[in-house]
>>> print(open('data.cif').read())   # mmCIF, C-alpha atoms
data_query
loop_
_atom_site.label_atom_id
_atom_site.label_comp_id
_atom_site.auth_asym_id
_atom_site.auth_seq_id
_atom_site.Cartn_x
_atom_site.Cartn_y
_atom_site.Cartn_z
CA ILE A 15 12.71 0.69 -19.08
CA LYS A 16 13.30 -2.74 -20.59
CA SER A 17 14.99 -3.28 -23.95
CA GLU A 18 16.35 -6.33 -25.75
CA ARG A 19 19.80 -5.52 -24.34
CA ASP A 20 19.20 -4.61 -20.69
CA ILE A 21 16.95 -2.92 -18.14
CA ARG A 22 17.65 0.67 -17.14
CA VAL A 23 16.46 2.59 -14.09
CA TYR A 24 15.83 6.29 -14.69
CA ASP A 25 15.06 9.20 -12.38
CA ARG A 26 12.36 11.80 -13.05
CA SER A 27 14.73 13.74 -15.33
CA MET A 28 15.35 10.57 -17.40
CA VAL A 29 18.94 10.27 -16.19
CA VAL A 30 20.11 6.65 -15.97
CA GLN A 31 20.59 5.56 -12.36
CA ALA A 32 21.39 1.90 -12.97
CA ILE A 33 21.83 -0.68 -15.73
CA ILE A 34 20.56 -4.16 -14.88
CA GLU A 35 21.74 -7.05 -16.97
CA PHE A 36 19.46 -9.77 -15.60
CA ASP A 37 15.81 -10.16 -16.58
CA ILE A 38 12.90 -8.72 -14.58
CA GLU A 39 9.33 -9.62 -15.47
CA GLU A 40 7.45 -7.79 -12.70
CA THR A 41 8.37 -5.16 -10.15
CA ARG A 42 6.82 -2.58 -7.83
CA ALA A 43 7.61 1.06 -7.09
CA ILE A 44 11.36 1.69 -6.81
CA ASN A 45 12.43 3.74 -3.77
CA ASP A 46 15.64 4.05 -1.74
CA SER A 47 17.63 2.27 -4.51
CA MET A 48 15.64 -0.89 -3.76
CA ILE A 49 13.74 -2.81 -6.45
CA PRO A 50 11.10 -5.36 -5.35
CA ILE A 51 11.31 -8.12 -7.95
CA LYS A 52 8.78 -10.90 -8.52
CA VAL A 53 10.47 -14.29 -8.63
CA GLU A 54 9.03 -17.75 -9.13
CA ASP A 55 8.22 -18.39 -5.46
CA GLY A 56 7.70 -14.85 -4.14
CA TRP A 57 9.52 -11.51 -3.99
CA LYS A 58 13.17 -10.47 -3.62
CA TYR A 59 14.84 -7.09 -3.26
CA TYR A 60 17.72 -5.83 -5.36
CA ASN A 61 19.78 -2.83 -4.24
CA TYR A 62 20.93 -1.32 -7.54
CA THR A 63 23.40 1.03 -5.82
CA GLU A 64 25.15 -1.80 -3.96
CA LYS A 65 24.47 -4.25 -6.82
CA GLN A 66 23.33 -6.98 -4.47
CA PHE A 67 20.20 -8.83 -3.40
CA ILE A 68 18.61 -9.34 -0.03
CA GLU A 69 18.87 -13.11 -0.26
CA GLU A 70 15.62 -13.97 1.53
CA VAL A 71 12.57 -14.62 -0.65
CA PHE A 72 9.30 -13.24 0.77
CA ALA A 73 5.75 -14.41 0.11
CA ASP A 74 4.78 -10.76 -0.44
CA ALA A 75 6.70 -7.51 -0.23
CA SER A 76 6.07 -3.79 -0.41
CA SER A 77 8.24 -1.06 -1.85
CA PHE A 78 10.72 0.62 0.48
CA ILE A 79 9.77 3.94 2.07
CA SER A 80 12.38 5.86 4.12
CA GLY A 81 14.55 2.76 4.38
CA VAL A 82 11.80 0.41 5.57
CA ALA A 83 9.58 -2.13 3.77
CA ALA A 84 6.69 -4.37 4.84
CA VAL A 85 7.12 -8.06 4.00
CA SER A 86 5.26 -11.32 4.56
CA ASN A 87 6.75 -14.75 5.19
CA GLY A 88 3.40 -16.36 4.44
CA THR A 89 2.17 -16.43 8.03
CA GLU A 90 2.80 -12.87 9.24
CA TRP A 91 3.81 -9.41 8.04
CA PHE A 92 6.69 -7.44 9.56
CA LEU A 93 9.05 -4.59 8.68
CA ILE A 94 12.64 -4.84 7.44
CA ASP A 95 15.50 -2.46 6.68
CA LYS A 96 17.60 -2.39 3.49
CA GLN A 97 19.90 -5.12 4.82
CA GLY A 98 16.93 -7.44 5.42
CA ASN A 99 17.03 -7.06 9.20
CA ARG A 100 13.76 -6.91 11.10
CA VAL A 101 12.69 -3.42 12.25
CA GLY A 102 10.93 -3.43 15.63
CA SER A 103 9.12 -6.37 17.21
CA GLN A 104 5.64 -5.80 15.76
CA SER A 105 4.05 -8.38 13.49
CA PHE A 106 0.76 -8.11 11.61
CA GLU A 107 -1.82 -10.40 10.08
CA ASN A 108 -2.05 -8.17 7.01
CA VAL A 109 -0.71 -4.87 5.66
CA LYS A 110 -2.68 -2.92 3.05
CA LEU A 111 -0.55 -2.22 -0.02
CA TYR A 112 -1.22 0.38 -2.68
CA ASP A 113 -1.54 -0.52 -6.34
CA ASN A 114 2.14 0.39 -6.89
CA GLY A 115 3.30 -1.73 -3.94
CA GLU A 116 3.93 1.00 -1.37
CA TYR A 117 2.75 0.28 2.18
CA GLN A 118 2.39 3.70 3.81
CA TYR A 119 1.59 7.29 3.02
CA ASN A 120 2.97 10.22 5.03
CA ASN A 121 4.07 7.83 7.81
CA VAL A 122 0.64 6.19 8.17
CA MET A 123 -0.08 2.57 7.29
CA VAL A 124 -3.18 0.42 7.62
CA ALA A 125 -2.60 -3.06 9.05
CA LYS A 126 -4.46 -5.89 10.74
CA LYS A 127 -3.38 -7.00 14.21
CA ASP A 128 -5.17 -9.20 16.76
CA GLY A 129 -8.11 -9.60 14.40
CA TRP A 130 -8.73 -5.89 13.82
CA TYR A 131 -7.54 -3.29 11.33
CA SER A 132 -5.98 -0.16 12.77
CA LEU A 133 -3.60 2.71 11.97
CA PHE A 134 0.13 2.44 12.54
CA SER A 135 3.19 4.53 11.80
CA GLY A 136 5.48 3.57 8.94
CA ARG A 137 7.72 1.83 11.49
CA GLY A 138 4.88 -0.17 13.05
CA ASP A 139 3.91 1.90 16.09
CA SER A 140 0.20 2.14 16.95
CA LEU A 141 -1.14 5.64 16.25
CA ASN A 142 -4.49 5.59 18.04
CA GLY A 143 -7.12 3.26 19.43
CA PHE A 144 -9.33 3.11 16.35
CA THR A 145 -10.20 -0.41 15.16
CA ALA A 146 -12.40 -1.73 12.37
CA ASN A 147 -13.55 -4.98 10.85
CA ARG A 148 -11.90 -4.00 7.53
CA MET A 149 -10.11 -0.89 6.22
CA ASP A 150 -8.85 0.40 2.90
CA ALA A 151 -5.37 1.87 2.43
CA TYR A 152 -4.62 5.50 3.37
CA TYR A 153 -4.19 7.83 0.37
CA GLY A 154 -3.82 11.08 2.32
CA GLY A 155 -7.55 11.76 2.77
CA LEU A 156 -10.34 10.02 4.66
CA ILE A 157 -9.90 6.28 5.10
CA ALA A 158 -12.71 3.87 4.26
CA PHE A 159 -13.58 1.34 6.99
CA GLU A 160 -16.19 -1.36 7.56
CA ASN A 161 -17.99 -1.85 10.88
CA GLU A 162 -19.14 -5.15 12.36
CA ALA A 163 -22.55 -4.72 10.69
CA GLY A 164 -20.90 -4.72 7.25
CA LYS A 165 -21.47 -1.02 6.49
CA TRP A 166 -18.72 1.32 5.31
CA GLY A 167 -17.88 4.82 6.50
CA TYR A 168 -14.80 7.05 6.82
CA VAL A 169 -12.25 7.84 9.51
CA ASN A 170 -9.38 10.33 9.45
CA SER A 171 -5.74 9.51 10.21
CA GLU A 172 -6.22 10.59 13.84
CA GLY A 173 -8.82 7.85 14.33
CA THR A 174 -11.90 10.11 14.38
CA VAL A 175 -14.95 8.88 12.50
CA VAL A 176 -15.91 11.62 10.02
CA ILE A 177 -18.63 9.83 8.01
CA GLU A 178 -20.66 7.21 9.87
CA PRO A 179 -20.87 3.74 8.27
CA GLN A 180 -23.82 3.69 5.84
CA TYR A 181 -22.56 2.40 2.48
CA ASP A 182 -22.43 -1.14 1.06
CA ASN A 183 -18.77 -0.64 0.13
CA ALA A 184 -16.29 2.24 -0.10
CA LYS A 185 -12.80 3.22 -1.17
CA SER A 186 -10.55 5.69 0.65
CA PHE A 187 -10.52 9.34 -0.46
CA SER A 188 -8.03 10.47 -3.06
CA ASN A 189 -8.00 13.92 -4.67
CA ASN A 190 -10.80 14.97 -2.25
CA TYR A 191 -13.32 12.32 -3.34
CA GLY A 192 -14.24 8.88 -2.08
CA ALA A 193 -15.93 6.11 -4.06
CA VAL A 194 -19.01 4.59 -2.43
CA GLN A 195 -21.26 1.73 -3.46
CA GLU A 196 -25.01 1.43 -3.00
CA ASN A 197 -27.30 -1.18 -4.55
CA GLY A 198 -24.45 -2.58 -6.62
CA LEU A 199 -23.44 0.72 -8.26
CA TRP A 200 -20.56 3.07 -7.46
CA GLY A 201 -20.49 6.86 -7.28
CA TYR A 202 -18.33 9.48 -5.53
CA ILE A 203 -18.88 11.65 -2.45
CA ASN A 204 -17.06 14.71 -1.16
CA GLN A 205 -15.80 15.20 2.40
CA LYS A 206 -19.19 16.60 3.47
CA ASN A 207 -20.75 13.26 2.50
CA GLU A 208 -22.51 14.91 -0.44
CA LEU A 209 -22.92 12.85 -3.62
CA ALA A 210 -20.65 14.48 -6.22
CA ILE A 211 -21.08 11.85 -8.97
CA GLN A 212 -24.23 9.76 -9.03
CA ALA A 213 -23.96 6.02 -8.40
CA GLN A 214 -23.85 4.64 -11.94
CA PHE A 215 -20.66 2.60 -12.35
CA LEU A 216 -20.05 -1.13 -12.00
CA GLU A 217 -16.35 -0.62 -11.17
CA VAL A 218 -14.34 2.41 -10.06
CA GLY A 219 -10.79 3.34 -9.08
CA TYR A 220 -9.33 6.00 -6.82
#
>>> encode(input="data.cif", output="C-alpha cells")
Amino acid sequence: IKSERDIRVYDRSMVVQAIIEFDIEETRAINDSMIPIKVEDGWKYYNYTEKQFIEEVFADASSFISGVAAVSNGTEWFLIDKQGNRVGSQSFENVKLYDNGEYQYNNVMVAKKDGWYSLFSGRGDSLNGFTANRMDAYYGGLIAFENEAGKWGYVNSEGTVVIEPQYDNAKSFSNNYGAVQENGLWGYINQKNELAIQAQFLEVGY
C-alpha cells in the first residue's frame, strides 16, 4: 500500500511485513519476501527481509515461487534463486506469465523451447513429451493449445489431449470453465466440451 510517506507490505491479516522508503511505480505478485520492481530499463528484485536488491536488471521477470523465479535477459529465459544465481542449465525462448507475474502453478509451467511450447516443472525439468505450436498458461485446469493448423484445443498437465483442436482461439480453464472463440465471438465451455455460455462476447478473461 502506497502513501505519501512510504510504501508498506502487508500480509493477509493486514500486519505490516516491511516499510519501503524508496518509490515503486509498478510491481508484480510478492512471494518469498521478493518484490519484482519495474525500473526504467527492465525489472529488478528487492528482498524486503534482507533489505537488498539483486543488482542485475532483467528484460522481464516473474514473481518468485518456492525460491525460484523465471527471468529474461532479452534473448533467453532462465530460472534464478533469491541470490540471483542461475538454477539448472535449461534456457527457454519464452515463459508464459500469469497476469500477476507468476510463472508456474502447482509446479507446472508452460514454456517454449526449440521452437515448441511444452510443459515443465517449476525448476525447468521437462514433464512429458507434449508439444504445441502455441500454449496458454496453466491455471490448474485444462491448458489451451494451438496445433500447426491454427486450431485450439485442450491438454491436461500430464500431456494428454482432452479436447481436440477445433476452436479459432481459446484460453486455459479456470474455475472449471474455458473461454473459446468462434467466428470472432467468445463463449465458455465445460470440461465435457459442452457450451456453457453462448459465444457472444468480443473480449473475455479467465
>>> residues_near_point(input="data.cif", point="(-4.9, -6.6, 7.8)", cutoff="12 Å", atoms="only C-alpha atoms", output="MDAnalysis selection string")
chainID A and resid 86 90:92 105:111 117 123:134 145:151 159
>>> write_last_selection(input="data.cif", atoms="C-alpha atoms", output="PDB file, in the coordinates of the input")
ATOM      1  CA  SER A  86       5.260 -11.320   4.560  1.00  0.00           C
ATOM      2  CA  GLU A  90       2.800 -12.870   9.240  1.00  0.00           C
ATOM      3  CA  TRP A  91       3.810  -9.410   8.040  1.00  0.00           C
ATOM      4  CA  PHE A  92       6.690  -7.440   9.560  1.00  0.00           C
ATOM      5  CA  SER A 105       4.050  -8.380  13.490  1.00  0.00           C
ATOM      6  CA  PHE A 106       0.760  -8.110  11.610  1.00  0.00           C
ATOM      7  CA  GLU A 107      -1.820 -10.400  10.080  1.00  0.00           C
ATOM      8  CA  ASN A 108      -2.050  -8.170   7.010  1.00  0.00           C
ATOM      9  CA  VAL A 109      -0.710  -4.870   5.660  1.00  0.00           C
ATOM     10  CA  LYS A 110      -2.680  -2.920   3.050  1.00  0.00           C
ATOM     11  CA  LEU A 111      -0.550  -2.220  -0.020  1.00  0.00           C
ATOM     12  CA  TYR A 117       2.750   0.280   2.180  1.00  0.00           C
ATOM     13  CA  MET A 123      -0.080   2.570   7.290  1.00  0.00           C
ATOM     14  CA  VAL A 124      -3.180   0.420   7.620  1.00  0.00           C
ATOM     15  CA  ALA A 125      -2.600  -3.060   9.050  1.00  0.00           C
ATOM     16  CA  LYS A 126      -4.460  -5.890  10.740  1.00  0.00           C
ATOM     17  CA  LYS A 127      -3.380  -7.000  14.210  1.00  0.00           C
ATOM     18  CA  ASP A 128      -5.170  -9.200  16.760  1.00  0.00           C
ATOM     19  CA  GLY A 129      -8.110  -9.600  14.400  1.00  0.00           C
ATOM     20  CA  TRP A 130      -8.730  -5.890  13.820  1.00  0.00           C
ATOM     21  CA  TYR A 131      -7.540  -3.290  11.330  1.00  0.00           C
ATOM     22  CA  SER A 132      -5.980  -0.160  12.770  1.00  0.00           C
ATOM     23  CA  LEU A 133      -3.600   2.710  11.970  1.00  0.00           C
ATOM     24  CA  PHE A 134       0.130   2.440  12.540  1.00  0.00           C
ATOM     25  CA  THR A 145     -10.200  -0.410  15.160  1.00  0.00           C
ATOM     26  CA  ALA A 146     -12.400  -1.730  12.370  1.00  0.00           C
ATOM     27  CA  ASN A 147     -13.550  -4.980  10.850  1.00  0.00           C
ATOM     28  CA  ARG A 148     -11.900  -4.000   7.530  1.00  0.00           C
ATOM     29  CA  MET A 149     -10.110  -0.890   6.220  1.00  0.00           C
ATOM     30  CA  ASP A 150      -8.850   0.400   2.900  1.00  0.00           C
ATOM     31  CA  ALA A 151      -5.370   1.870   2.430  1.00  0.00           C
ATOM     32  CA  PHE A 159     -13.580   1.340   6.990  1.00  0.00           C
TER      33      PHE A 159
END
>>> closest_residue(input="data.cif", among="A:Asp25, A:Glu178, A:Glu196, A:Asp113", to="Gln212 of chain A", atoms="only C-alpha atoms")
A:Glu196
>>> atom_distance(input="data.cif", atom1="atom CA of Ser188 of chain A", atom2="atom CA of Tyr168 of chain A")
12.5 Å
>>> residues_near_point(input="data.cif", point="(-21.0, -5.4, 7.2)", cutoff="10 Å", atoms="all atoms listed in the file", output="PyMOL selection string")
chain A and resi 147-148+160-166+179-183
>>> closest_residue(input="data.cif", among="A:Gln195, A:Ala83, A:Val122, A:Trp200", to="Asn170 of chain A", atoms="only C-alpha atoms")
A:Val122
>>> resolve_selection(input="data.cif", expression="the PyMOL selection byres ((chain A and resi 78) around 8)", output="number ranges by chain")
A: 44-46, 48, 76-77, 79-84, 116
>>> atom_distance(input="data.cif", atom1="atom CA of Ser135 of chain A", atom2="atom CA of Asn121 of chain A")
5.3 Å
>>> closest_residue(input="data.cif", among="A:Ile34, A:Leu141, A:Val71, A:Leu209", to="Gly192 of chain A", atoms="only C-alpha atoms")
A:Leu209
>>> atom_distance(input="data.cif", atom1="atom CA of Gln66 of chain A", atom2="atom CA of Val23 of chain A")
15.2 Å
>>> closest_residue(input="data.cif", among="A:Ala75, A:Ile177, A:Met28, A:Val218", to="Lys58 of chain A", atoms="all atoms listed in the file")
A:Ala75
>>> resolve_selection(input="data.cif", expression="the PyMOL selection byres ((chain A and resi 54) around 12)", output="list of chain:residue names")
A:Ile38, A:Glu39, A:Glu40, A:Ile51, A:Lys52, A:Val53, A:Asp55, A:Gly56, A:Trp57, A:Lys58, A:Val71, A:Phe72, A:Ala73, A:Asp74
>>> write_last_selection(input="data.cif", atoms="C-alpha atoms", output="PDB file, in the frame of the given file")
ATOM      1  CA  ILE A  38      12.900  -8.720 -14.580  1.00  0.00           C
ATOM      2  CA  GLU A  39       9.330  -9.620 -15.470  1.00  0.00           C
ATOM      3  CA  GLU A  40       7.450  -7.790 -12.700  1.00  0.00           C
ATOM      4  CA  ILE A  51      11.310  -8.120  -7.950  1.00  0.00           C
ATOM      5  CA  LYS A  52       8.780 -10.900  -8.520  1.00  0.00           C
ATOM      6  CA  VAL A  53      10.470 -14.290  -8.630  1.00  0.00           C
ATOM      7  CA  ASP A  55       8.220 -18.390  -5.460  1.00  0.00           C
ATOM      8  CA  GLY A  56       7.700 -14.850  -4.140  1.00  0.00           C
ATOM      9  CA  TRP A  57       9.520 -11.510  -3.990  1.00  0.00           C
ATOM     10  CA  LYS A  58      13.170 -10.470  -3.620  1.00  0.00           C
ATOM     11  CA  VAL A  71      12.570 -14.620  -0.650  1.00  0.00           C
ATOM     12  CA  PHE A  72       9.300 -13.240   0.770  1.00  0.00           C
ATOM     13  CA  ALA A  73       5.750 -14.410   0.110  1.00  0.00           C
ATOM     14  CA  ASP A  74       4.780 -10.760  -0.440  1.00  0.00           C
TER      15      ASP A  74
END
>>> closest_residue(input="data.cif", among="A:Asn114, A:Thr63, A:Asn87, A:Asn190", to="Arg42 of chain A", atoms="only C-alpha atoms")
A:Asn114
>>> closest_residue(input="data.cif", among="A:Ala193, A:Ser103, A:Gly115, A:Tyr153", to="Arg137 of chain A", atoms="only C-alpha atoms")
A:Ser103
>>> resolve_selection(input="data.cif", expression="the PyMOL selection byres ((chain A and resi 16) around 12)", output="compact mmCIF listing (two decimals) with C-alpha atoms, in the coordinates of the input")
# COMPACT_ATOMS: atom_id res chain seq x y z
CA ILE A 15 12.71 0.69 -19.08
CA SER A 17 14.99 -3.28 -23.95
CA GLU A 18 16.35 -6.33 -25.75
CA ARG A 19 19.80 -5.52 -24.34
CA ASP A 20 19.20 -4.61 -20.69
CA ILE A 21 16.95 -2.92 -18.14
CA ARG A 22 17.65 0.67 -17.14
CA VAL A 23 16.46 2.59 -14.09
CA TYR A 24 15.83 6.29 -14.69
CA ILE A 33 21.83 -0.68 -15.73
CA ILE A 34 20.56 -4.16 -14.88
CA GLU A 35 21.74 -7.05 -16.97
CA PHE A 36 19.46 -9.77 -15.60
CA ASP A 37 15.81 -10.16 -16.58
CA ILE A 38 12.90 -8.72 -14.58
CA GLU A 39 9.33 -9.62 -15.47
CA GLU A 40 7.45 -7.79 -12.70
CA THR A 41 8.37 -5.16 -10.15
